[in-house]
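**Q** Sharing a structure, written as structure tokens. Questions coming.
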Amino acid sequence: MDRLLDSLFPSAENIPETWRLGAPLEQRDYLVNGELRRWDGPLATVRSPVWLKEGADERQVVLGSAPLLDADTALTALDAAVQAYDKGRGAWPNMRVAERIQHVETFLARMREQRQAVVKLLMWEIGKNLKDSEKEFDRTCDYIVDTINALKDLDRRSSRFELEQGTLGQIRRAPLGVALCMGPYNYPLNETFTTLIPALIMGNTVVFKPAKFGVLLIRPLLEAFRDSFPPGVINVIYGRGRETVSALMASGKVDVFAFIGTHKAASDLKKLHPRPHRLRAALGLDAKNPGIVLPQVDLDNAVEEAVTGALSFNGQRCTALKILFVHEDVIEAFLDKFQRKLAALKPGMPWEPGVALTPLPEPGKVDYLDGLVADATAKGARVLNEGGGQSRGSFFYPALLYPVSHEMRVYHEEQFGPLVPVVPYRDLQTVIDYVLDSDYGQQLSLFGNDPATIGSLVDIFANQVGRININAQCQRGPDTYPFNGRKNSAEGTLSVHDALRVFSIRTLVATRFQEANKELISEIIRNRQSSFLTTDYIF
Ligand code: G3H
């Protein structure tokens with residue numbers, strides 16, 4: 001392991017030409033009211049999880065800097081969004097759906113041009129490997145295409161009138177107002193855009209603040225945002241949440257709060273809003289998804305799924321398997337196979353072919369993980385795999401911890417990193433109680449092939465979590481499926497289809513089905529005197 005850690009971080013000249021960095025990026029631009037404005041105030045240093053060898057030393061790479069806007073400047077972005085919405089009278093919220101779609105298509109075409117730049121920064125800023133960085137970018141583009149198609153479907157269904165009990169009506173989804181969109185550092189592009197794009201396309205105006213890491217990678221998209229949307233429709237701010245976002249929420253001018261992060265931060269921010277009943281929230285929060293391995297099981301499949309479920313992107317996924325319950329009858333074989341698979345995962349830099357384990361972007365994360373391991377080992381667990389828990393700089397080699405029990409912190413805390421706690425069980429009730437008593441309720445995985453057991457566990461867990469995965473790891477995709485959570489894990493449901501609903505409200509125009517009213521409505525439609533009352537059909 002020492003040899004592996006010694007050779008982990010490269011020297012600058014060992015980085016492939018394509019992925020080398022130029023001079024540090026001093027990013028001072030932010031987007032307000034259709035203008036890229038320059039910030040002359042303080043900047044935050046942006047550091048990479050990647051360290052480089054310099055002679056006998058290893059140094060953390062400085063990627064550049066990003067603006068630390070103050071509250072007043074952040075409020076100018078909010079004011080621009082408020083003005084563009086103009087109490088629902090703005091051009092954007094009143095634009096016909098087909099036209100709004102054109103703006104989003106223009107943006108998508110411009111965004112695709114930036115693939116290489118964004119992928120490179122995903123690797124350097126958050127340490128995501130090349131394959132997953134490319135996947136994040138492409139999946140986000142696909143999400144935008146799917147959103148456009150879903151909106152066309154929705155609009156086609158709204159292009160007709162309905163007649164109920166003598167009342168003629170047309171129902172359309174209308175925007176809610178100003179949306180504040182904030183994503184997480186593990187999916188700084190994808191997760192942010194899964195709220196940002198639906199919010200925009202439904203006619204809301206937006207203030208977007210990038211995640212705490214994965215900040216510079218938004219820079220290549222600022223011109224695309226500026227040129228694709230009318231002024232004030234999308235505004236991009238930077239800075240500390242405490243300073244900027246708190247001021248936005250306290251202003252009471254945010255109508256929709258889309259946030260992916262911790263439940264603590266979400267509730268602190270929601271509390272700042274002076275009229276909470278007027279705030280719609282879409283939240284993706286903490287999770288501690290368990291993987292439950294039953295005695296009758298295809299163990300090879302269970303191990304395969306558990307390894308990727310627990311360790312892809314170093315366990316830094318909200319959907320990661322964060323604790324494994326394994327039946328005593330199969331525990332030995334399970335641990336043995338798990339260790340062999342784990343040992344085959346390649347550590348290295350994000351751009352290296354086939355690399356699976358990479359450095360972690362959060363400062364202090366390695367110390368935090370060390371603390372969890374020390375706590376667990378002091379209370380009777382062992383690190384089973386060779387080199388497990390060893391670290392160098394920002395890199396932490398995964399640790400398989402066994403046997404884990406309820407007195408240990410890692411049994412309860414969301415580690416969000418490469419630690420795999422395994423709890424042995426004999427009585428399934430102990431596992432059921434863990435799920436029932438947990439503060440989290442995002443997803444879980446069941447591994448087994450006995451229909452009676454799986455069937456009854458599905459029924460028990462269906463009221464506990466948002467998704468039950470059978471013989472598969474937990475995950476968000478496919479993006480057309482609902483993604484949500486219970487308890488502290490989420491508020492609202494996202495998917496291509498659901499997000500369009502989250503960022504809009506059904507609005508009805510109704511009249512008695514009488515001659516004069518029929519004539520009136522027909523005239524409005526014939527003369528195209530309304531954008532709402534129309535039977536236009538988007539092809
Ligand atoms: O971090 C949470 C993400 O939504 C997980 O998505 O399951 O596709 O990695 P994923």
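Scheme for the structure tokens: letters A, B, ... for chains in order shown; per-chain residue numbers from 1; ligand numbers from 1 in order shown.
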Counting only C-alpha atoms and all ligand atoms, what residues are within 9 Å of ligand 1, given as a list in words?
**A**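 Listing the residues within 9 Å of ligand 1 gives Glu136, Pro184, Tyr185, Asn186, Tyr187, Asn190, Glu191, Ile260, Gly284, Leu285, Gly309, Ser312, Phe313, Gln316, Arg317, Cys318, Thr319, Ala320, Gln473, Cys474, Gln475, Arg476, Gly477, Pro478, Asp479 and Phe483 of chain A.
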**Q** Using only C-alpha atoms, which protein or nucleic acid residues come within 10 Å of stretch 114-131 of chain A? Drop anything in the same chain fewer than 5 positions from it, and give the result as an MDAnalysis selection string.
**A** chainID A and resid 18:21 46:50 61:63 109 136:138 141 185:189 213:221 224 312:314 316 348:362
**Q** So which one's closest to A:Gln415, A:Pro24, A:Gly315, A:Pro295, A:Gly64? Using only C-alpha atoms, please.
**A** A:Gly315
**Q** What does the structure give for the distance between atom CA of A:Tyr397 and atom CA of A:Glu328, in Å to one decimal?
**A**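 So the answer is 26.4 Å.
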**Q** I need the residues in stretch 310-454 of chain A that are strand (DSSP E or B) according to DSSP; give them as a ChimeraX atom specification.
**A** /A:321-327,346-347,355-357,382-383,391-392,395-396,399-402,419-425,440-441,443-447
**Q** Output as a tab-separated table one row per residue of stretch 353-443 of chain A within 9 Å of stretch 5-11 of chain A: the closest atom pair and its distance in Å to one decimal place, counting only C-alpha atoms, sorted by chain and residue number ascending.
**A**
residue	atom	partner	partner_atom	distance
A:Gln390	CA	A:Leu5	CA	8.6
A:Ser391	CA	A:Leu5	CA	7.5
A:Arg392	CA	A:Leu5	CA	6.4
A:Phe395	CA	A:Leu5	CA	8.6
**Q** Using only C-alpha atoms for the distances, tell me which of A:Asn527, A:Gln296, A:Thr45, A:Gln464 is nearest to A:Asp433.
**A**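 Looking only at the distances to A:Asp433, the closest residue turns out to be A:Gln464.
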**Q** Give the helix (DSSP H, G or I) residues of stretch 209-301 of chain A, as DSSP finds them on the backbone, and put them as JSON, numbers by chain.
**A** {"A": [216, 217, 218, 219, 220, 221, 222, 223, 224, 225, 226, 227, 228, 241, 242, 243, 244, 245, 246, 247, 248, 249, 250, 263, 264, 265, 266, 267, 268, 269, 270, 271, 272, 276, 277, 278, 299, 300, 301]}
**Q** Which residue gives the smallest distance to A:Leu163 among A:Val97, A:Ile331, A:Ala510, A:Leu384, with only C-alpha atoms counted?
**A**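 Among A:Val97, A:Ile331, A:Ala510, A:Leu384, it is A:Ala510 that comes nearest to A:Leu163.
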**Q** Excluding A:Thr262 and residues on its chain fewer than 2 positions from it, collect all residues at most 9 Å away from it, counting only C-alpha atoms, and give them as a ChimeraX atom specification.
**A** /A:259-260,264-267,284-286,488-489
**Q** Keeping only C-alpha atoms, write those residues as a PDB file, in the first residue's frame.
**A**
ATOM      1  CA  PHE A 259     -31.712  22.618  -3.016  1.00  0.00           C
ATOM      2  CA  ILE A 260     -29.616  19.475  -2.848  1.00  0.00           C
ATOM      3  CA  LYS A 264     -29.890  20.929   8.379  1.00  0.00           C
ATOM      4  CA  ALA A 265     -28.850  23.541   5.804  1.00  0.00           C
ATOM      5  CA  ALA A 266     -32.207  23.220   4.028  1.00  0.00           C
ATOM      6  CA  SER A 267     -34.224  23.823   7.177  1.00  0.00           C
ATOM      7  CA  GLY A 284     -32.741  16.286  -2.136  1.00  0.00           C
ATOM      8  CA  LEU A 285     -31.155  15.658   1.274  1.00  0.00           C
ATOM      9  CA  ASP A 286     -29.176  13.197   3.410  1.00  0.00           C
ATOM     10  CA  ASN A 488     -34.986  13.653   6.387  1.00  0.00           C
ATOM     11  CA  SER A 489     -34.098  12.509   2.866  1.00  0.00           C
TER      12      SER A 489
END
**Q** So, counting only C-alpha atoms, which residue among A:Thr308, A:Asn385, A:Thr493, A:Thr140 is closest to A:Ala258?
**A**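 Smallest separation from A:Ala258 among the options: A:Thr493.
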**Q** Within 7 Å of stretch 425-428 of chain A, counting only C-alpha atoms, which residues qualify if same-chain residues fewer than 3 places away don't, as number ranges by chain?
**A** A: 325-328, 431-432
**Q** From the list A:Ala74, A:Leu168, A:Ile460, A:Ala81, which residue is nearest A:Gly239 when using only C-alpha atoms?
**A**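 Looking only at the distances to A:Gly239, the closest residue turns out to be A:Ala74.
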**Q** Can you list, as a PyMOL selection string, every protein, DNA or RNA residue that comes within 10 Å of A:Arg226 when you count only C-alpha atoms, leaving out same-chain residues fewer than 2 positions away?
**A** chain A and resi 31-36+107+221-224+228-236
**Q** So that I have them on file, write out the residues from the current selection with N, CA, C and O atoms, as a PDB file, in the first residue's frame.
**A**
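Below is the file that was written, result.pdb:
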ATOM      1  N   LEU A  31     -23.319  36.463 -13.506  1.00  0.00           N
ATOM      2  CA  LEU A  31     -24.320  36.817 -14.512  1.00  0.00           C
ATOM      3  C   LEU A  31     -25.553  37.425 -13.854  1.00  0.00           C
ATOM      4  O   LEU A  31     -26.217  36.774 -13.042  1.00  0.00           O
ATOM      5  N   VAL A  32     -25.801  38.673 -14.201  1.00  0.00           N
ATOM      6  CA  VAL A  32     -26.984  39.354 -13.667  1.00  0.00           C
ATOM      7  C   VAL A  32     -27.661  40.128 -14.789  1.00  0.00           C
ATOM      8  O   VAL A  32     -26.993  40.863 -15.531  1.00  0.00           O
ATOM      9  N   ASN A  33     -28.962  39.922 -14.915  1.00  0.00           N
ATOM     10  CA  ASN A  33     -29.770  40.684 -15.867  1.00  0.00           C
ATOM     11  C   ASN A  33     -29.205  40.663 -17.301  1.00  0.00           C
ATOM     12  O   ASN A  33     -29.145  41.683 -17.974  1.00  0.00           O
ATOM     13  N   GLY A  34     -28.740  39.511 -17.708  1.00  0.00           N
ATOM     14  CA  GLY A  34     -28.242  39.364 -19.079  1.00  0.00           C
ATOM     15  C   GLY A  34     -26.858  39.927 -19.314  1.00  0.00           C
ATOM     16  O   GLY A  34     -26.415  40.027 -20.462  1.00  0.00           O
ATOM     17  N   GLU A  35     -26.152  40.295 -18.236  1.00  0.00           N
ATOM     18  CA  GLU A  35     -24.788  40.837 -18.400  1.00  0.00           C
ATOM     19  C   GLU A  35     -23.814  40.021 -17.564  1.00  0.00           C
ATOM     20  O   GLU A  35     -24.122  39.684 -16.414  1.00  0.00           O
ATOM     21  N   LEU A  36     -22.639  39.801 -18.136  1.00  0.00           N
ATOM     22  CA  LEU A  36     -21.572  39.244 -17.307  1.00  0.00           C
ATOM     23  C   LEU A  36     -20.933  40.424 -16.595  1.00  0.00           C
ATOM     24  O   LEU A  36     -20.368  41.318 -17.228  1.00  0.00           O
ATOM     25  N   PHE A 107     -29.757  27.073 -25.836  1.00  0.00           N
ATOM     26  CA  PHE A 107     -28.799  26.891 -24.735  1.00  0.00           C
ATOM     27  C   PHE A 107     -28.123  25.524 -24.833  1.00  0.00           C
ATOM     28  O   PHE A 107     -26.904  25.406 -24.702  1.00  0.00           O
ATOM     29  N   LEU A 221     -20.120  27.991 -19.210  1.00  0.00           N
ATOM     30  CA  LEU A 221     -21.528  28.018 -19.639  1.00  0.00           C
ATOM     31  C   LEU A 221     -22.164  29.398 -19.471  1.00  0.00           C
ATOM     32  O   LEU A 221     -23.308  29.614 -19.874  1.00  0.00           O
ATOM     33  N   LEU A 222     -21.433  30.332 -18.862  1.00  0.00           N
ATOM     34  CA  LEU A 222     -22.051  31.633 -18.556  1.00  0.00           C
ATOM     35  C   LEU A 222     -22.483  32.371 -19.821  1.00  0.00           C
ATOM     36  O   LEU A 222     -23.568  32.957 -19.870  1.00  0.00           O
ATOM     37  N   GLU A 223     -21.641  32.363 -20.865  1.00  0.00           N
ATOM     38  CA  GLU A 223     -22.020  33.053 -22.111  1.00  0.00           C
ATOM     39  C   GLU A 223     -23.244  32.390 -22.723  1.00  0.00           C
ATOM     40  O   GLU A 223     -24.118  33.053 -23.276  1.00  0.00           O
ATOM     41  N   ALA A 224     -23.284  31.047 -22.654  1.00  0.00           N
ATOM     42  CA  ALA A 224     -24.429  30.320 -23.219  1.00  0.00           C
ATOM     43  C   ALA A 224     -25.716  30.730 -22.498  1.00  0.00           C
ATOM     44  O   ALA A 224     -26.747  30.978 -23.128  1.00  0.00           O
ATOM     45  N   SER A 228     -28.692  32.878 -24.431  1.00  0.00           N
ATOM     46  CA  SER A 228     -29.837  32.032 -24.809  1.00  0.00           C
ATOM     47  C   SER A 228     -31.152  32.468 -24.180  1.00  0.00           C
ATOM     48  O   SER A 228     -32.215  32.017 -24.608  1.00  0.00           O
ATOM     49  N   PHE A 229     -31.075  33.303 -23.136  1.00  0.00           N
ATOM     50  CA  PHE A 229     -32.311  33.656 -22.421  1.00  0.00           C
ATOM     51  C   PHE A 229     -32.445  35.176 -22.331  1.00  0.00           C
ATOM     52  O   PHE A 229     -31.430  35.891 -22.294  1.00  0.00           O
ATOM     53  N   PRO A 230     -33.668  35.676 -22.253  1.00  0.00           N
ATOM     54  CA  PRO A 230     -33.839  37.117 -22.080  1.00  0.00           C
ATOM     55  C   PRO A 230     -33.197  37.588 -20.769  1.00  0.00           C
ATOM     56  O   PRO A 230     -33.068  36.801 -19.821  1.00  0.00           O
ATOM     57  N   PRO A 231     -32.790  38.864 -20.688  1.00  0.00           N
ATOM     58  CA  PRO A 231     -32.126  39.373 -19.488  1.00  0.00           C
ATOM     59  C   PRO A 231     -32.938  39.107 -18.220  1.00  0.00           C
ATOM     60  O   PRO A 231     -34.160  39.279 -18.225  1.00  0.00           O
ATOM     61  N   GLY A 232     -32.220  38.680 -17.175  1.00  0.00           N
ATOM     62  CA  GLY A 232     -32.870  38.502 -15.873  1.00  0.00           C
ATOM     63  C   GLY A 232     -33.526  37.142 -15.690  1.00  0.00           C
ATOM     64  O   GLY A 232     -33.889  36.776 -14.575  1.00  0.00           O
ATOM     65  N   VAL A 233     -33.681  36.378 -16.769  1.00  0.00           N
ATOM     66  CA  VAL A 233     -34.359  35.084 -16.651  1.00  0.00           C
ATOM     67  C   VAL A 233     -33.465  34.082 -15.917  1.00  0.00           C
ATOM     68  O   VAL A 233     -33.929  33.309 -15.089  1.00  0.00           O
ATOM     69  N   ILE A 234     -32.160  34.126 -16.190  1.00  0.00           N
ATOM     70  CA  ILE A 234     -31.225  33.274 -15.447  1.00  0.00           C
ATOM     71  C   ILE A 234     -30.078  34.147 -14.946  1.00  0.00           C
ATOM     72  O   ILE A 234     -29.463  34.894 -15.723  1.00  0.00           O
ATOM     73  N   ASN A 235     -29.818  34.053 -13.666  1.00  0.00           N
ATOM     74  CA  ASN A 235     -28.764  34.852 -13.029  1.00  0.00           C
ATOM     75  C   ASN A 235     -27.884  33.887 -12.249  1.00  0.00           C
ATOM     76  O   ASN A 235     -28.400  32.983 -11.586  1.00  0.00           O
ATOM     77  N   VAL A 236     -26.577  34.080 -12.344  1.00  0.00           N
ATOM     78  CA  VAL A 236     -25.664  33.128 -11.687  1.00  0.00           C
ATOM     79  C   VAL A 236     -24.792  33.884 -10.692  1.00  0.00           C
ATOM     80  O   VAL A 236     -24.081  34.828 -11.076  1.00  0.00           O
TER      81      VAL A 236
END
**Q** Could you name the residues that touch A:Asp375 at 12 Å or less, counting only C-alpha atoms, but leaving out those on the same chain fewer than 3 positions away, as an MDAnalysis selection string?
**A** chainID A and resid 368:372 378:383 401 404:411 413
**Q** Write to file, as a PDB file, in the first residue's frame, the residues of the selection just made, with N, CA and C atoms.
**A**
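Output (out09.pdb):
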ATOM      1  N   TYR A 368     -12.128  13.191   8.889  1.00  0.00           N
ATOM      2  CA  TYR A 368     -13.458  12.762   9.323  1.00  0.00           C
ATOM      3  C   TYR A 368     -13.593  11.241   9.183  1.00  0.00           C
ATOM      4  N   LEU A 369     -13.145  10.712   8.037  1.00  0.00           N
ATOM      5  CA  LEU A 369     -13.249   9.264   7.813  1.00  0.00           C
ATOM      6  C   LEU A 369     -12.351   8.505   8.793  1.00  0.00           C
ATOM      7  N   ASP A 370     -11.144   9.062   9.032  1.00  0.00           N
ATOM      8  CA  ASP A 370     -10.256   8.458  10.046  1.00  0.00           C
ATOM      9  C   ASP A 370     -10.977   8.364  11.387  1.00  0.00           C
ATOM     10  N   GLY A 371     -11.692   9.415  11.728  1.00  0.00           N
ATOM     11  CA  GLY A 371     -12.422   9.463  13.009  1.00  0.00           C
ATOM     12  C   GLY A 371     -13.482   8.365  13.072  1.00  0.00           C
ATOM     13  N   LEU A 372     -14.183   8.150  11.961  1.00  0.00           N
ATOM     14  CA  LEU A 372     -15.207   7.097  11.951  1.00  0.00           C
ATOM     15  C   LEU A 372     -14.573   5.718  12.105  1.00  0.00           C
ATOM     16  N   ALA A 378     -12.360   1.097  17.829  1.00  0.00           N
ATOM     17  CA  ALA A 378     -12.305   1.130  19.300  1.00  0.00           C
ATOM     18  C   ALA A 378     -13.485   0.364  19.895  1.00  0.00           C
ATOM     19  N   LYS A 379     -14.559   0.245  19.117  1.00  0.00           N
ATOM     20  CA  LYS A 379     -15.756  -0.430  19.653  1.00  0.00           C
ATOM     21  C   LYS A 379     -15.914  -1.848  19.093  1.00  0.00           C
ATOM     22  N   GLY A 380     -14.853  -2.373  18.521  1.00  0.00           N
ATOM     23  CA  GLY A 380     -14.888  -3.807  18.183  1.00  0.00           C
ATOM     24  C   GLY A 380     -14.885  -4.150  16.705  1.00  0.00           C
ATOM     25  N   ALA A 381     -14.906  -3.166  15.829  1.00  0.00           N
ATOM     26  CA  ALA A 381     -14.859  -3.504  14.395  1.00  0.00           C
ATOM     27  C   ALA A 381     -13.402  -3.629  13.947  1.00  0.00           C
ATOM     28  N   ARG A 382     -13.194  -4.303  12.811  1.00  0.00           N
ATOM     29  CA  ARG A 382     -11.859  -4.380  12.232  1.00  0.00           C
ATOM     30  C   ARG A 382     -11.908  -3.901  10.798  1.00  0.00           C
ATOM     31  N   VAL A 383     -10.779  -3.362  10.336  1.00  0.00           N
ATOM     32  CA  VAL A 383     -10.686  -3.052   8.908  1.00  0.00           C
ATOM     33  C   VAL A 383     -10.191  -4.337   8.243  1.00  0.00           C
ATOM     34  N   LEU A 401     -15.304  -2.269   6.912  1.00  0.00           N
ATOM     35  CA  LEU A 401     -15.365  -2.325   8.379  1.00  0.00           C
ATOM     36  C   LEU A 401     -16.320  -3.423   8.826  1.00  0.00           C
ATOM     37  N   VAL A 404     -19.822  -4.248  12.280  1.00  0.00           N
ATOM     38  CA  VAL A 404     -20.296  -2.934  12.723  1.00  0.00           C
ATOM     39  C   VAL A 404     -21.574  -3.120  13.541  1.00  0.00           C
ATOM     40  N   SER A 405     -21.703  -2.315  14.587  1.00  0.00           N
ATOM     41  CA  SER A 405     -22.901  -2.436  15.437  1.00  0.00           C
ATOM     42  C   SER A 405     -23.410  -1.042  15.816  1.00  0.00           C
ATOM     43  N   HIS A 406     -24.562  -1.041  16.475  1.00  0.00           N
ATOM     44  CA  HIS A 406     -25.284   0.231  16.627  1.00  0.00           C
ATOM     45  C   HIS A 406     -24.582   1.268  17.510  1.00  0.00           C
ATOM     46  N   GLU A 407     -23.562   0.845  18.332  1.00  0.00           N
ATOM     47  CA  GLU A 407     -22.879   1.868  19.168  1.00  0.00           C
ATOM     48  C   GLU A 407     -21.913   2.708  18.324  1.00  0.00           C
ATOM     49  N   MET A 408     -21.626   2.280  17.146  1.00  0.00           N
ATOM     50  CA  MET A 408     -20.598   2.977  16.342  1.00  0.00           C
ATOM     51  C   MET A 408     -21.215   4.118  15.548  1.00  0.00           C
ATOM     52  N   ARG A 409     -20.463   5.179  15.389  1.00  0.00           N
ATOM     53  CA  ARG A 409     -20.965   6.352  14.652  1.00  0.00           C
ATOM     54  C   ARG A 409     -21.322   6.005  13.211  1.00  0.00           C
ATOM     55  N   VAL A 410     -20.498   5.145  12.613  1.00  0.00           N
ATOM     56  CA  VAL A 410     -20.695   4.851  11.188  1.00  0.00           C
ATOM     57  C   VAL A 410     -21.995   4.068  10.942  1.00  0.00           C
ATOM     58  N   TYR A 411     -22.577   3.534  11.996  1.00  0.00           N
ATOM     59  CA  TYR A 411     -23.866   2.839  11.895  1.00  0.00           C
ATOM     60  C   TYR A 411     -24.975   3.851  11.612  1.00  0.00           C
ATOM     61  N   GLU A 413     -24.188   7.662  11.016  1.00  0.00           N
ATOM     62  CA  GLU A 413     -23.814   8.855  10.233  1.00  0.00           C
ATOM     63  C   GLU A 413     -23.679   8.544   8.755  1.00  0.00           C
TER      64      GLU A 413
END
**Q** Could you check how far atom CA of A:Met202 sits from atom CA of A:Ser504, in Å to one decimal?
**A**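 Distance between the two atoms: 6.4 Å.
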**Q** Find the residue from A:Tyr143, A:Pro347, A:Gln170, A:Ala23 that sits nearest to A:Arg156; use only C-alpha atoms when measuring.
**A**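 That would be A:Gln170, the residue with the smallest distance to A:Arg156.
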